[in-house]
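Q: Just so it is clear, I am handing over final-v7.tsv, which has TSV, C-alpha atoms.
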chain	number	residue	atom	x	y	z
A	195	MET	CA	76.12	114.61	66.83
A	196	ASP	CA	79.09	115.56	69.00
A	197	ARG	CA	82.46	114.47	67.82
A	198	ILE	CA	85.79	114.45	69.54
A	199	PRO	CA	88.25	116.66	67.70
A	200	ILE	CA	91.40	115.07	66.32
A	201	LEU	CA	94.33	117.46	65.90
A	202	LYS	CA	97.18	116.89	63.51
A	203	PHE	CA	100.60	117.62	64.96
A	204	GLY	CA	103.19	116.76	62.32
A	205	GLU	CA	103.33	113.01	62.15
A	206	LEU	CA	101.24	112.72	65.26
A	207	LEU	CA	97.52	112.85	65.94
A	208	LEU	CA	96.35	114.42	69.15
A	209	VAL	CA	93.02	113.41	70.70
A	210	THR	CA	91.92	115.25	73.79
A	211	ILE	CA	88.82	113.90	75.46
A	212	GLN	CA	87.26	116.80	77.32
A	213	VAL	CA	83.78	115.45	77.94
A	214	ASP	CA	82.43	112.34	79.57
A	215	MET	CA	82.36	109.57	77.04
A	216	HIS	CA	79.26	107.73	76.00
A	217	ASP	CA	78.98	104.74	73.72
A	218	ARG	CA	78.11	106.57	70.49
A	219	LEU	CA	80.85	109.12	71.03
A	220	VAL	CA	83.52	106.48	71.47
A	221	MET	CA	82.29	104.57	68.41
A	222	ALA	CA	82.50	107.80	66.38
A	223	LEU	CA	86.00	108.40	67.73
A	224	GLN	CA	87.06	104.92	66.66
A	225	GLU	CA	85.87	105.55	63.11
A	226	ASP	CA	87.26	109.08	62.80
A	227	LEU	CA	90.61	108.16	64.25
A	228	THR	CA	91.23	105.13	62.05
A	229	GLU	CA	90.25	107.21	58.99
A	230	ARG	CA	92.57	110.03	59.99
A	231	ILE	CA	95.50	107.73	60.74
A	232	VAL	CA	95.31	106.39	57.21
A	233	SER	CA	94.62	109.70	55.45
A	234	ASN	CA	97.31	111.61	57.38
A	235	ARG	CA	99.77	108.71	57.41
A	236	ALA	CA	100.17	109.32	61.11
A	237	ARG	CA	102.94	107.47	62.96
A	238	GLY	CA	101.77	108.20	66.45
A	239	VAL	CA	98.52	108.84	68.32
A	240	LEU	CA	98.33	110.54	71.67
A	241	ILE	CA	95.05	110.21	73.56
A	242	ASP	CA	94.74	112.58	76.50
A	243	ILE	CA	92.09	111.41	78.95
A	244	SER	CA	93.04	113.66	81.87
A	245	ALA	CA	89.56	115.22	81.88
A	246	LEU	CA	87.83	111.86	81.80
A	247	GLU	CA	86.42	111.07	85.21
A	248	ILE	CA	83.98	108.25	84.59
A	249	VAL	CA	84.56	105.07	82.61
A	250	ASP	CA	82.56	101.92	82.21
A	251	SER	CA	83.64	98.57	80.87
A	252	PHE	CA	82.63	99.48	77.30
A	253	ILE	CA	84.62	102.73	77.20
A	254	GLY	CA	87.56	100.95	78.81
A	255	ARG	CA	87.51	98.17	76.27
A	256	MET	CA	87.13	100.66	73.42
A	257	LEU	CA	90.20	102.56	74.59
A	258	GLY	CA	92.15	99.33	74.35
A	259	ASN	CA	90.59	98.51	70.98
A	260	ILE	CA	91.37	101.94	69.53
A	261	ALA	CA	94.99	101.56	70.61
A	262	GLY	CA	95.10	98.12	69.02
A	263	MET	CA	93.62	99.40	65.73
A	264	ALA	CA	96.07	102.29	65.63
A	265	ARG	CA	98.94	99.87	66.15
A	266	MET	CA	97.66	97.73	63.32
A	267	LEU	CA	97.71	100.83	61.10
A	268	ASP	CA	101.33	101.36	62.12
A	269	ALA	CA	100.77	104.22	64.52
A	270	GLN	CA	102.08	104.06	68.09
A	271	THR	CA	99.44	104.94	70.66
A	272	VAL	CA	100.02	106.48	74.05
A	273	VAL	CA	97.22	107.06	76.54
A	274	VAL	CA	98.13	109.91	78.88
A	275	GLY	CA	96.82	111.55	82.03
A	276	MET	CA	94.56	108.84	83.36
A	277	GLN	CA	93.00	109.86	86.67
A	278	PRO	CA	93.60	107.59	89.70
A	279	ALA	CA	89.88	106.83	90.03
A	280	VAL	CA	89.69	105.81	86.37
A	281	ALA	CA	92.77	103.61	86.71
A	282	ILE	CA	91.34	101.87	89.77
A	283	THR	CA	88.01	101.33	88.00
A	284	LEU	CA	89.64	99.83	84.93
A	285	VAL	CA	91.77	97.49	87.04
A	286	GLU	CA	88.73	96.42	89.06
A	287	LEU	CA	86.91	95.76	85.79
A	288	GLY	CA	89.83	93.55	84.77
A	289	LEU	CA	90.83	95.87	81.93
A	290	SER	CA	94.52	96.52	82.44
A	291	LEU	CA	94.95	97.60	78.77
A	292	THR	CA	97.98	95.41	78.24
A	293	GLY	CA	99.85	96.51	75.14
A	294	VAL	CA	98.77	100.12	75.46
A	295	ARG	CA	101.53	102.53	76.39
A	296	THR	CA	100.75	105.07	79.04
A	297	ALA	CA	102.28	108.27	80.35
A	298	LEU	CA	101.56	110.66	83.17
A	299	ASN	CA	100.99	113.75	81.02
A	300	VAL	CA	101.00	115.02	77.43
A	301	GLU	CA	104.63	116.15	77.65
A	302	ARG	CA	105.88	112.72	78.63
A	303	GLY	CA	103.60	111.05	76.13
A	304	MET	CA	105.09	113.21	73.38
A	305	ARG	CA	108.56	112.16	74.47
A	306	LEU	CA	107.53	108.52	74.09
A	307	LEU	CA	106.15	109.15	70.61
A	308	ARG	CA	108.99	111.26	69.26
A	309	PRO	CA	111.20	108.29	68.27
A	310	ALA	CA	108.25	106.88	66.31
A	311	ALA	CA	107.80	110.14	64.45
A	312	ALA	CA	111.55	110.55	63.87
A	313	GLU	CA	111.80	107.18	62.19
A	314	GLN	CA	110.25	108.66	59.07
B	27	MET	CA	56.77	91.35	136.98
B	28	ASN	CA	55.07	91.03	140.29
B	29	ALA	CA	55.32	94.63	141.49
B	30	PRO	CA	52.98	95.78	144.27
B	31	VAL	CA	50.10	98.06	143.30
B	32	ARG	CA	51.86	100.96	144.90
B	33	SER	CA	55.49	100.54	145.78
B	34	ARG	CA	56.68	102.28	148.91
B	35	LEU	CA	60.21	102.19	147.63
B	36	PRO	CA	60.24	105.93	146.72
B	37	GLU	CA	59.47	106.93	150.29
B	38	ILE	CA	61.91	104.44	151.73
B	39	LEU	CA	64.65	105.62	149.42
B	40	ARG	CA	64.02	109.27	150.10
B	41	GLY	CA	63.69	108.80	153.86
B	42	ARG	CA	66.80	106.68	154.22
B	43	GLU	CA	68.87	108.17	151.38
B	44	SER	CA	71.82	109.26	153.51
B	45	ALA	CA	71.91	105.95	155.42
B	46	ILE	CA	71.85	103.95	152.18
B	47	LEU	CA	74.49	106.20	150.67
B	48	SER	CA	76.95	105.87	153.56
B	49	GLU	CA	76.43	102.10	153.71
B	50	TRP	CA	76.89	101.82	149.92
B	51	VAL	CA	80.06	103.92	149.99
B	52	ARG	CA	81.42	101.89	152.90
B	53	LEU	CA	80.78	98.63	151.02
B	54	GLN	CA	82.48	99.94	147.90
B	55	ILE	CA	85.55	101.13	149.74
B	56	GLU	CA	85.79	97.78	151.56
B	57	THR	CA	85.66	95.66	148.41
B	58	ASP	CA	88.81	95.47	146.33
B	59	GLY	CA	87.08	96.17	143.05
B	60	ARG	CA	87.40	99.92	143.01
B	61	ARG	CA	90.78	100.56	144.58
B	62	ARG	CA	91.78	102.80	141.71
B	63	VAL	CA	89.12	105.34	142.62
B	64	SER	CA	89.63	107.56	145.66
B	65	PRO	CA	87.03	107.33	148.48
B	66	ASP	CA	86.10	110.94	147.84
B	67	SER	CA	85.17	110.36	144.23
B	68	ILE	CA	83.37	107.12	145.13
B	69	ARG	CA	81.25	109.12	147.56
B	70	GLN	CA	80.70	111.81	144.95
B	71	GLN	CA	79.70	109.35	142.19
B	72	SER	CA	77.48	107.31	144.48
B	73	ARG	CA	75.66	110.38	145.76
B	74	GLU	CA	74.99	111.52	142.22
B	75	LEU	CA	73.64	108.18	141.05
B	76	LEU	CA	71.56	107.53	144.16
B	77	ALA	CA	69.98	110.98	143.95
B	78	ALA	CA	69.12	110.38	140.29
B	79	ILE	CA	67.62	106.97	141.11
B	80	CYS	CA	65.55	108.39	143.99
B	81	ASP	CA	64.26	111.02	141.64
B	82	ALA	CA	63.42	108.54	138.90
B	83	VAL	CA	61.67	106.11	141.25
B	84	ARG	CA	59.43	108.84	142.57
B	85	HIS	CA	57.91	109.34	139.09
B	86	ASP	CA	58.09	105.87	137.68
B	87	THR	CA	57.93	102.66	139.66
B	88	SER	CA	57.57	100.33	136.68
B	89	GLY	CA	61.20	99.28	136.92
B	90	VAL	CA	61.68	99.78	133.20
B	91	ILE	CA	64.60	102.15	132.95
B	92	THR	CA	64.10	103.17	129.34
B	93	THR	CA	61.31	105.62	130.19
B	94	PRO	CA	61.87	109.40	130.08
B	95	GLU	CA	61.60	109.54	133.88
B	96	TRP	CA	64.82	107.54	134.08
B	97	ALA	CA	66.64	109.74	131.57
B	98	ALA	CA	68.50	111.64	134.30
B	99	ALA	CA	69.65	108.39	135.95
B	100	ARG	CA	70.77	106.99	132.59
B	101	GLY	CA	72.65	110.23	131.95
B	102	VAL	CA	74.50	109.88	135.26
B	103	VAL	CA	75.41	106.26	134.41
B	104	ASP	CA	76.57	107.39	130.95
B	105	ARG	CA	78.82	110.05	132.38
B	106	LEU	CA	80.24	107.94	135.22
B	107	THR	CA	80.93	105.01	132.89
B	108	HIS	CA	82.77	107.20	130.41
B	109	SER	CA	84.89	108.80	133.13
B	110	THR	CA	85.76	105.45	134.78
B	111	LEU	CA	86.54	103.98	131.36
B	112	SER	CA	89.10	106.70	130.73
B	113	GLU	CA	90.62	105.81	134.13
B	114	GLY	CA	91.06	102.24	132.87
B	115	ALA	CA	88.23	100.49	134.73
B	116	SER	CA	87.08	97.07	133.54
B	117	ALA	CA	83.54	96.19	132.52
B	118	SER	CA	82.90	94.25	135.73
B	119	GLU	CA	84.06	97.19	137.85
B	120	VAL	CA	81.56	99.40	136.07
B	121	ALA	CA	78.79	96.83	136.56
B	122	MET	CA	79.73	96.15	140.18
B	123	PHE	CA	79.52	99.83	141.00
B	124	VAL	CA	75.80	99.73	140.15
B	125	PHE	CA	75.12	96.21	141.45
B	126	SER	CA	76.69	96.96	144.83
B	127	LEU	CA	73.78	99.30	145.46
B	128	LYS	CA	71.55	96.24	145.99
B	129	GLN	CA	72.90	95.27	149.37
B	130	PRO	CA	72.17	98.53	151.23
B	131	ILE	CA	68.74	98.87	149.58
B	132	PHE	CA	67.81	95.28	150.45
B	133	ALA	CA	68.94	95.86	154.02
B	134	GLU	CA	66.65	98.85	154.30
B	135	LEU	CA	63.75	96.90	152.78
B	136	ARG	CA	64.30	94.06	155.21
B	137	ARG	CA	64.17	96.49	158.12
B	138	GLU	CA	61.02	98.15	156.77
B	139	TYR	CA	59.07	94.97	156.00
B	140	ALA	CA	60.36	92.83	158.85
B	141	GLY	CA	56.87	91.44	159.50
B	142	ASP	CA	55.56	90.97	155.97
B	143	ALA	CA	57.37	88.41	153.86
B	144	GLN	CA	55.06	88.81	150.87
B	145	LEU	CA	55.56	92.58	150.58
B	146	LEU	CA	59.27	92.24	151.28
B	147	ALA	CA	59.63	89.78	148.42
B	148	ASP	CA	57.67	92.04	146.07
B	149	GLU	CA	59.61	95.16	146.90
B	150	THR	CA	62.92	93.31	146.76
B	151	TRP	CA	62.03	91.93	143.36
B	152	PHE	CA	61.19	95.39	142.08
B	153	ALA	CA	64.37	96.98	143.41
B	154	ASN	CA	66.38	94.04	142.09
B	155	THR	CA	65.03	94.41	138.55
B	156	ALA	CA	65.61	98.13	138.43
B	157	VAL	CA	69.21	97.88	139.68
B	158	ASP	CA	69.94	94.94	137.38
B	159	ARG	CA	68.72	96.85	134.36
B	160	LEU	CA	70.73	99.88	135.36
B	161	GLY	CA	73.82	97.68	135.78
B	162	LEU	CA	73.33	96.07	132.39
B	163	TYR	CA	72.80	99.48	130.91
B	164	ALA	CA	76.13	100.56	132.40
B	165	THR	CA	77.94	97.61	130.80
B	166	GLU	CA	76.26	98.38	127.49
B	167	VAL	CA	77.46	101.97	127.69
B	168	TYR	CA	80.90	100.68	128.59
B	169	GLN	CA	80.96	98.35	125.60
B	170	LYS	CA	79.71	101.01	123.23
B	171	ALA	CA	82.37	103.43	124.43
B	172	ARG	CA	85.04	100.75	124.01
B	173	ASN	CA	83.85	100.01	120.48
B	174	GLU	CA	84.01	103.70	119.63
B	175	ILE	CA	87.61	103.82	120.84
B	176	ILE	CA	88.50	100.75	118.75
B	177	MET	CA	86.87	102.19	115.63
B	178	ARG	CA	88.65	105.49	116.08
B	179	GLN	CA	92.00	103.79	116.56
B	180	GLN	CA	91.42	101.68	113.45
B	181	ALA	CA	90.74	104.79	111.42
B	182	GLU	CA	93.83	106.47	112.85
B	183	MET	CA	95.96	103.44	112.05
B	184	LEU	CA	94.69	103.46	108.50
B	185	GLU	CA	95.80	107.06	108.16
B	186	LEU	CA	99.15	106.47	109.76
B	187	SER	CA	100.05	103.27	108.01
B	188	THR	CA	100.22	104.38	104.39
B	189	PRO	CA	102.79	107.09	103.94
B	190	VAL	CA	104.04	107.80	100.45
B	191	VAL	CA	107.56	109.23	100.56
B	192	GLN	CA	109.52	110.91	97.84
B	193	LEU	CA	112.99	109.37	97.46
B	194	TRP	CA	114.11	111.43	94.52
B	195	GLN	CA	112.62	113.70	91.93
B	196	GLY	CA	110.05	111.50	90.20
B	197	ILE	CA	110.67	108.49	92.43
B	198	LEU	CA	108.20	107.63	95.15
B	199	ALA	CA	108.41	104.91	97.77
B	200	LEU	CA	105.57	103.25	99.63
B	201	PRO	CA	106.84	101.28	102.62
B	202	LEU	CA	104.06	98.89	103.61
B	203	ILE	CA	103.97	97.70	107.20
B	204	GLY	CA	101.53	95.21	108.66
B	205	THR	CA	98.99	92.86	107.19
B	206	LEU	CA	97.23	94.04	104.06
B	207	ASP	CA	93.48	93.59	103.92
B	208	SER	CA	91.08	94.85	101.28
B	209	ALA	CA	90.24	98.08	103.08
B	210	ARG	CA	93.88	98.95	103.65
B	211	THR	CA	94.93	98.05	100.14
B	212	GLN	CA	92.25	100.33	98.77
B	213	VAL	CA	93.62	103.22	100.83
B	214	VAL	CA	97.19	102.32	99.86
B	215	MET	CA	96.28	102.23	96.18
B	216	GLU	CA	94.41	105.53	96.27
B	217	ASN	CA	97.19	107.26	98.21
B	218	LEU	CA	99.86	106.01	95.85
B	219	LEU	CA	98.00	106.97	92.69
B	220	ALA	CA	97.14	110.40	94.06
B	221	ALA	CA	100.81	110.91	94.99
B	222	LEU	CA	101.91	109.88	91.49
B	223	VAL	CA	99.78	112.66	90.03
B	224	ARG	CA	100.76	115.19	92.69
B	225	GLU	CA	104.51	114.58	92.50
B	226	ASN	CA	104.46	113.93	88.77
B	227	ALA	CA	106.40	110.76	89.48
B	228	GLU	CA	107.14	108.06	86.94
B	229	ILE	CA	108.44	105.38	89.26
B	230	ALA	CA	106.98	104.03	92.48
B	231	ILE	CA	108.71	101.53	94.74
B	232	ILE	CA	106.37	99.40	96.83
B	233	ASP	CA	108.40	97.99	99.70
B	234	ILE	CA	106.83	94.99	101.42
B	235	THR	CA	109.60	94.34	103.95
B	236	GLY	CA	107.12	95.00	106.75
B	237	VAL	CA	104.36	92.79	105.41
B	238	PRO	CA	104.40	89.59	107.48
B	239	THR	CA	102.59	87.28	105.07
B	240	VAL	CA	101.55	87.37	101.47
B	241	ASP	CA	98.56	85.28	100.43
B	242	THR	CA	96.78	85.18	97.09
B	243	LEU	CA	94.55	88.08	98.06
B	244	VAL	CA	97.45	90.32	99.06
B	245	ALA	CA	99.33	89.38	95.88
B	246	GLN	CA	96.22	90.18	93.87
B	247	HIS	CA	95.96	93.57	95.55
B	248	LEU	CA	99.62	94.30	94.80
B	249	LEU	CA	99.16	93.36	91.17
B	250	LYS	CA	96.09	95.59	90.93
B	251	THR	CA	98.02	98.52	92.33
B	252	VAL	CA	100.83	97.92	89.86
B	253	ALA	CA	98.36	97.68	86.97
B	254	ALA	CA	96.57	100.87	88.00
B	255	ALA	CA	99.86	102.77	88.28
B	256	ARG	CA	100.87	101.49	84.85
B	257	LEU	CA	97.59	102.72	83.39
B	258	MET	CA	98.46	106.16	84.65
B	259	GLY	CA	101.84	106.02	83.00
B	260	ALA	CA	103.98	105.16	86.01
B	261	GLU	CA	106.05	102.09	86.69
B	262	CYS	CA	106.03	100.11	89.92
B	263	ILE	CA	108.88	98.18	91.48
B	264	ILE	CA	108.12	95.75	94.28
B	265	SER	CA	110.96	95.44	96.76
B	266	GLY	CA	111.65	93.89	100.13
B	267	ILE	CA	110.60	90.40	99.15
B	268	ARG	CA	111.89	87.98	101.78
B	269	PRO	CA	112.88	84.43	100.81
B	270	GLN	CA	109.81	82.97	102.52
B	271	ILE	CA	107.53	85.33	100.65
B	272	ALA	CA	109.19	84.52	97.33
B	273	GLN	CA	108.56	80.84	98.07
B	274	THR	CA	104.93	81.45	98.98
B	275	ILE	CA	104.27	83.58	95.93
B	276	ILE	CA	105.63	80.91	93.60
B	277	HIS	CA	103.81	78.11	95.43
B	278	LEU	CA	100.58	80.07	95.17
B	279	GLY	CA	101.11	80.33	91.44
B	280	VAL	CA	100.91	84.12	91.39
B	281	ASP	CA	102.41	85.54	88.23
B	282	LEU	CA	104.67	88.48	89.04
B	283	ALA	CA	106.64	88.08	85.82
B	284	ASN	CA	105.46	91.44	84.43
B	285	VAL	CA	106.47	93.32	87.54
B	286	ILE	CA	109.99	94.38	88.42
B	287	THR	CA	110.82	92.78	91.75
B	288	LYS	CA	113.89	93.37	93.89
B	289	ALA	CA	115.05	91.86	97.13
B	290	THR	CA	115.88	95.12	98.85
B	291	LEU	CA	114.74	98.70	98.73
B	292	ALA	CA	118.32	99.75	97.89
B	293	ASP	CA	118.34	97.58	94.75
B	294	ALA	CA	114.98	98.94	93.71
B	295	PHE	CA	116.14	102.49	94.30
B	296	SER	CA	119.21	102.07	92.11
B	297	VAL	CA	117.05	100.62	89.32
B	298	ALA	CA	114.69	103.55	89.68
B	299	LEU	CA	117.55	106.04	89.57
B	300	ARG	CA	118.89	104.44	86.43
B	301	ARG	CA	115.48	104.67	84.79
B	302	ALA	CA	115.23	108.30	85.81
B	303	GLY	CA	118.60	108.89	84.16
B	304	ALA	CA	120.48	109.73	87.35
B	305	THR	CA	123.83	108.35	88.46
B	306	ILE	CA	125.40	107.93	91.85
B	307	THR	CA	129.06	108.81	92.33
B	308	ARG	CA	131.36	108.59	95.29
B	309	ALA	CA	132.87	111.94	96.19
B	310	GLY	CA	136.24	112.24	94.43
B	311	ALA	CA	135.70	109.17	92.25
B	312	GLN	CA	134.99	109.11	88.54
B	313	PRO	CA	131.26	109.21	87.80
B	314	HIS	CA	129.86	105.89	86.73
B	315	ALA	CA	126.41	104.57	86.10
B	316	VAL	CA	124.79	102.75	88.97
B	317	THR	CA	124.41	99.07	88.54
B	318	ALA	CA	121.63	97.04	89.94
Starting from the file, give its structure as structure tokens.

A:
Amino acid sequence: MDRIPILKFGELLLVTIQVDMHDRLVMALQEDLTERIVSNRARGVLIDISALEIVDSFIGRMLGNIAGMARMLDAQTVVVGMQPAVAITLVELGLSLTGVRTALNVERGMRLLRPAAAEQ
Amino acid sequence: MNAPVRSRLPEILRGRESAILSEWVRLQIETDGRRRVSPDSIRQQSRELLAAICDAVRHDTSGVITTPEWAAARGVVDRLTHSTLSEGASASEVAMFVFSLKQPIFAELRREYAGDAQLLADETWFANTAVDRLGLYATEVYQKARNEIIMRQQAEMLELSTPVVQLWQGILALPLIGTLDSARTQVVMENLLAALVRENAEIAIIDITGVPTVDTLVAQHLLKTVAAARLMGAECIISGIRPQIAQTIIHLGVDLANVITKATLADAFSVALRRAGATITRAGAQPHAVTA
């Protein structure tokens, strides 16, 4: 089965979603990511969804859930590069992902996460 | 319809075409309705339409003007209506142009059937129906053309009314003017989000100075736009809130607590500058951070 690669970047984990998400894929990502946060003792997670063009309510909720789980495991999560169409869809679905930090692109997301990584 | 077995209207029309035309033109010039149009062009238009009607009647005396035989006449009405519409004619002027043809035709029929009341009534009825239908068709064309103009203007207004301007590097402003409805808000939202990506901007100021009223729906739309921008990693500031609007928003129970709101665009801009890490200094003065 396809899996979304998780890259280690010092104290940070980098997840780049390059394909359209489906339910099994996002469930696998949730499992892999929580495992990796614990095993790598990651302090920050950056999820790049700039290539994601279609979301449904499940994927949207899972994005929020993954961020919540990461926070519970003491890793800051930033979702970066959301496309306008995706943002509008999520808002229309009533999923405004409160509590999830967002940034326009990877560079800015990194800047948000750096203090978290430097704390160590 | 009580049309005669074989109407003699085609022959009458053809035989007396020039007489009918000059009478029709005279009537039109005499009435006040078409003052805007010069006598020359009245004559020109009338000749065209009358010729087309004569032609149509020769092939089809059913009085139903939707048949292919009447296509040429309908085409003339189409063209004339469009040209008079662009000259600013009203719907009744357009209709009266066609309806005024009745009088000269009826006069001719009366002359022709002076001795036969039955035939006169039949022929009059037939001519009456055909001209009526043509007149109604003209008003329909007029209405359709007007609707097209309205639709086009609406689309143009939609394009014009949602400019996204760059105030500073990374700071965008969206001055909203006019009432916000769902369709407009959708365009506004899409434009703003696209501009955020394009300009790589982190802060957007939505200025509602020009929005006359804010109801729950408008407030909802604003909140949605702010939420969508936040999802993309940008922050929104709502500015230009007038005292009345602040009162309405609170009375409506809309929660804007999570949104930065400022009374004026200037205040919002200085907040945005501060967030972007820029300072404003007076020339010659010591630099100091802007305060909101």

Q: Excluding region 74-89 of chain B and its own-chain neighbours fewer than 2 positions away, which residues fall within 10 Å of it when counting all atoms listed in the file? Please give them as a VMD selection string.

A: chain B and resid 27 29 to 40 43 to 44 46 to 47 50 68 to 72 91 to 103 106 124 127 151 to 160

Q: So how many Å separate CA of Ile243 (chain A) and CA of Arg197 (chain A), to one decimal?

A: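 Between CA of Ile243 (chain A) and CA of Arg197 (chain A) the gap works out to 15.0 Å.
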
Q: Report the closest atom pair, with its distance in Å rounded to one decimal, for each residue of chain B that has an atom no farther than 9 Å from chain A; count all atoms listed in the file, sort by chain and then rising residue number, and write it as JSON lines.

A:
{"residue": "B:Met215", "atom": "CA", "partner": "A:Ile282", "partner_atom": "CA", "distance": 8.1}
{"residue": "B:Glu216", "atom": "CA", "partner": "A:Pro278", "partner_atom": "CA", "distance": 6.9}
{"residue": "B:Leu218", "atom": "CA", "partner": "A:Pro278", "partner_atom": "CA", "distance": 8.9}
{"residue": "B:Leu219", "atom": "CA", "partner": "A:Pro278", "partner_atom": "CA", "distance": 5.4}
{"residue": "B:Ala220", "atom": "CA", "partner": "A:Pro278", "partner_atom": "CA", "distance": 6.3}
{"residue": "B:Leu222", "atom": "CA", "partner": "A:Leu298", "partner_atom": "CA", "distance": 8.4}
{"residue": "B:Val223", "atom": "CA", "partner": "A:Leu298", "partner_atom": "CA", "distance": 7.4}
{"residue": "B:Asn226", "atom": "CA", "partner": "A:Leu298", "partner_atom": "CA", "distance": 7.1}
{"residue": "B:Ala227", "atom": "CA", "partner": "A:Leu298", "partner_atom": "CA", "distance": 8.0}
{"residue": "B:Glu228", "atom": "CA", "partner": "A:Leu298", "partner_atom": "CA", "distance": 7.2}
{"residue": "B:Lys250", "atom": "CA", "partner": "A:Val285", "partner_atom": "CA", "distance": 6.1}
{"residue": "B:Thr251", "atom": "CA", "partner": "A:Ile282", "partner_atom": "CA", "distance": 7.9}
{"residue": "B:Ala253", "atom": "CA", "partner": "A:Ser290", "partner_atom": "CA", "distance": 6.1}
{"residue": "B:Ala254", "atom": "CA", "partner": "A:Ala281", "partner_atom": "CA", "distance": 4.9}
{"residue": "B:Ala255", "atom": "CA", "partner": "A:Ala281", "partner_atom": "CA", "distance": 7.3}
{"residue": "B:Arg256", "atom": "CA", "partner": "A:Thr296", "partner_atom": "CA", "distance": 6.8}
{"residue": "B:Leu257", "atom": "CA", "partner": "A:Thr296", "partner_atom": "CA", "distance": 5.9}
{"residue": "B:Met258", "atom": "CA", "partner": "A:Met276", "partner_atom": "CA", "distance": 4.9}
{"residue": "B:Gly259", "atom": "CA", "partner": "A:Ala297", "partner_atom": "CA", "distance": 3.5}
{"residue": "B:Ala260", "atom": "CA", "partner": "A:Leu298", "partner_atom": "CA", "distance": 6.6}

Q: Restricting the calculation to all atoms listed in the file: of B:Ile232, B:Ala181, B:Val120, B:Ile176, which residue gets closest to Phe295 (chain B)?

A: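 Closest candidate: B:Ile232.
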
Q: Which protein, DNA or RNA residues have an atom at most 10 Å from (94.5, 101.1, 71.2), counting all atoms listed in the file? List them as an MDAnalysis selection string.

A: chainID A and resid 224 239 241 255:266 269:273 291:295

Q: For the residues in that selection, give me C-alpha atoms as a PDB file, keeping the file's coordinate frame.

A:
ATOM      1  CA  GLN A 224      87.060 104.920  66.660  1.00  0.00           C
ATOM      2  CA  VAL A 239      98.520 108.840  68.320  1.00  0.00           C
ATOM      3  CA  ILE A 241      95.050 110.210  73.560  1.00  0.00           C
ATOM      4  CA  ARG A 255      87.510  98.170  76.270  1.00  0.00           C
ATOM      5  CA  MET A 256      87.130 100.660  73.420  1.00  0.00           C
ATOM      6  CA  LEU A 257      90.200 102.560  74.590  1.00  0.00           C
ATOM      7  CA  GLY A 258      92.150  99.330  74.350  1.00  0.00           C
ATOM      8  CA  ASN A 259      90.590  98.510  70.980  1.00  0.00           C
ATOM      9  CA  ILE A 260      91.370 101.940  69.530  1.00  0.00           C
ATOM     10  CA  ALA A 261      94.990 101.560  70.610  1.00  0.00           C
ATOM     11  CA  GLY A 262      95.100  98.120  69.020  1.00  0.00           C
ATOM     12  CA  MET A 263      93.620  99.400  65.730  1.00  0.00           C
ATOM     13  CA  ALA A 264      96.070 102.290  65.630  1.00  0.00           C
ATOM     14  CA  ARG A 265      98.940  99.870  66.150  1.00  0.00           C
ATOM     15  CA  MET A 266      97.660  97.730  63.320  1.00  0.00           C
ATOM     16  CA  ALA A 269     100.770 104.220  64.520  1.00  0.00           C
ATOM     17  CA  GLN A 270     102.080 104.060  68.090  1.00  0.00           C
ATOM     18  CA  THR A 271      99.440 104.940  70.660  1.00  0.00           C
ATOM     19  CA  VAL A 272     100.020 106.480  74.050  1.00  0.00           C
ATOM     20  CA  VAL A 273      97.220 107.060  76.540  1.00  0.00           C
ATOM     21  CA  LEU A 291      94.950  97.600  78.770  1.00  0.00           C
ATOM     22  CA  THR A 292      97.980  95.410  78.240  1.00  0.00           C
ATOM     23  CA  GLY A 293      99.850  96.510  75.140  1.00  0.00           C
ATOM     24  CA  VAL A 294      98.770 100.120  75.460  1.00  0.00           C
ATOM     25  CA  ARG A 295     101.530 102.530  76.390  1.00  0.00           C
TER      26      ARG A 295
END

Q: Could you name the residues that touch Pro199 (chain A) at 9 Å or less, counting all atoms listed in the file, but leaving out those on the same chain fewer than 3 positions away, as a ChimeraX atom specification?

A: /A:208-211,223

Q: Grab the CA of Gln246 (chain B) to CA of Asn284 (chain B) distance for me, in Å with one decimal place.

A: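 Atom-to-atom, CA of Gln246 (chain B) and CA of Asn284 (chain B) are spaced 13.3 Å apart.
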
Q: Quick one: distance from CA of His247 (chain B) to CA of Arg210 (chain B) in Å, one decimal?

A: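 We find that CA of His247 (chain B) and CA of Arg210 (chain B) lie 9.9 Å from each other.
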
Q: At a cut-off of 12 Å, using only C-alpha atoms, what residues contact His277 (chain B)? Leave out same-chain residues fewer than 4 positions from it and give the result as a list of chain:residue names.

A: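 Surrounding residues, per the criterion: B:Val240, B:Asp241, B:Thr242, B:Gln270, B:Ile271, B:Ala272, B:Gln273, B:Asp281.
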
Q: Ranking B:Ile275, B:Met122, B:Leu198, B:Ala209 by minimum distance to Ile263 (chain B) and counting all atoms listed in the file, which one comes first?

A: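 When distances to Ile263 (chain B) are compared using all atoms listed in the file, the smallest one comes from B:Leu198.
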
Q: Counting only C-alpha atoms, which of A:Ser233, A:Ile198, A:Leu267, A:Asp226 gets nearest to Asp214 (chain A)?

A: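 Among A:Ser233, A:Ile198, A:Leu267, A:Asp226, it is A:Ile198 that comes nearest to Asp214 (chain A).
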
Q: Which polymer residues, protein or nucleic acid, are no farther than 7 Å from (83.0, 100.7, 84.0), counting only C-alpha atoms, as a VMD selection string?

A: chain A and resid 249 to 252 254 283 to 284 287

Q: Nearest to Glu138 (chain B) among B:Thr188, B:Glu182, B:Ala294, B:Thr150, with distances taken over all atoms listed in the file: which residue is it?

A: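 Checking each candidate against Glu138 (chain B), we get B:Thr150 as the closest.
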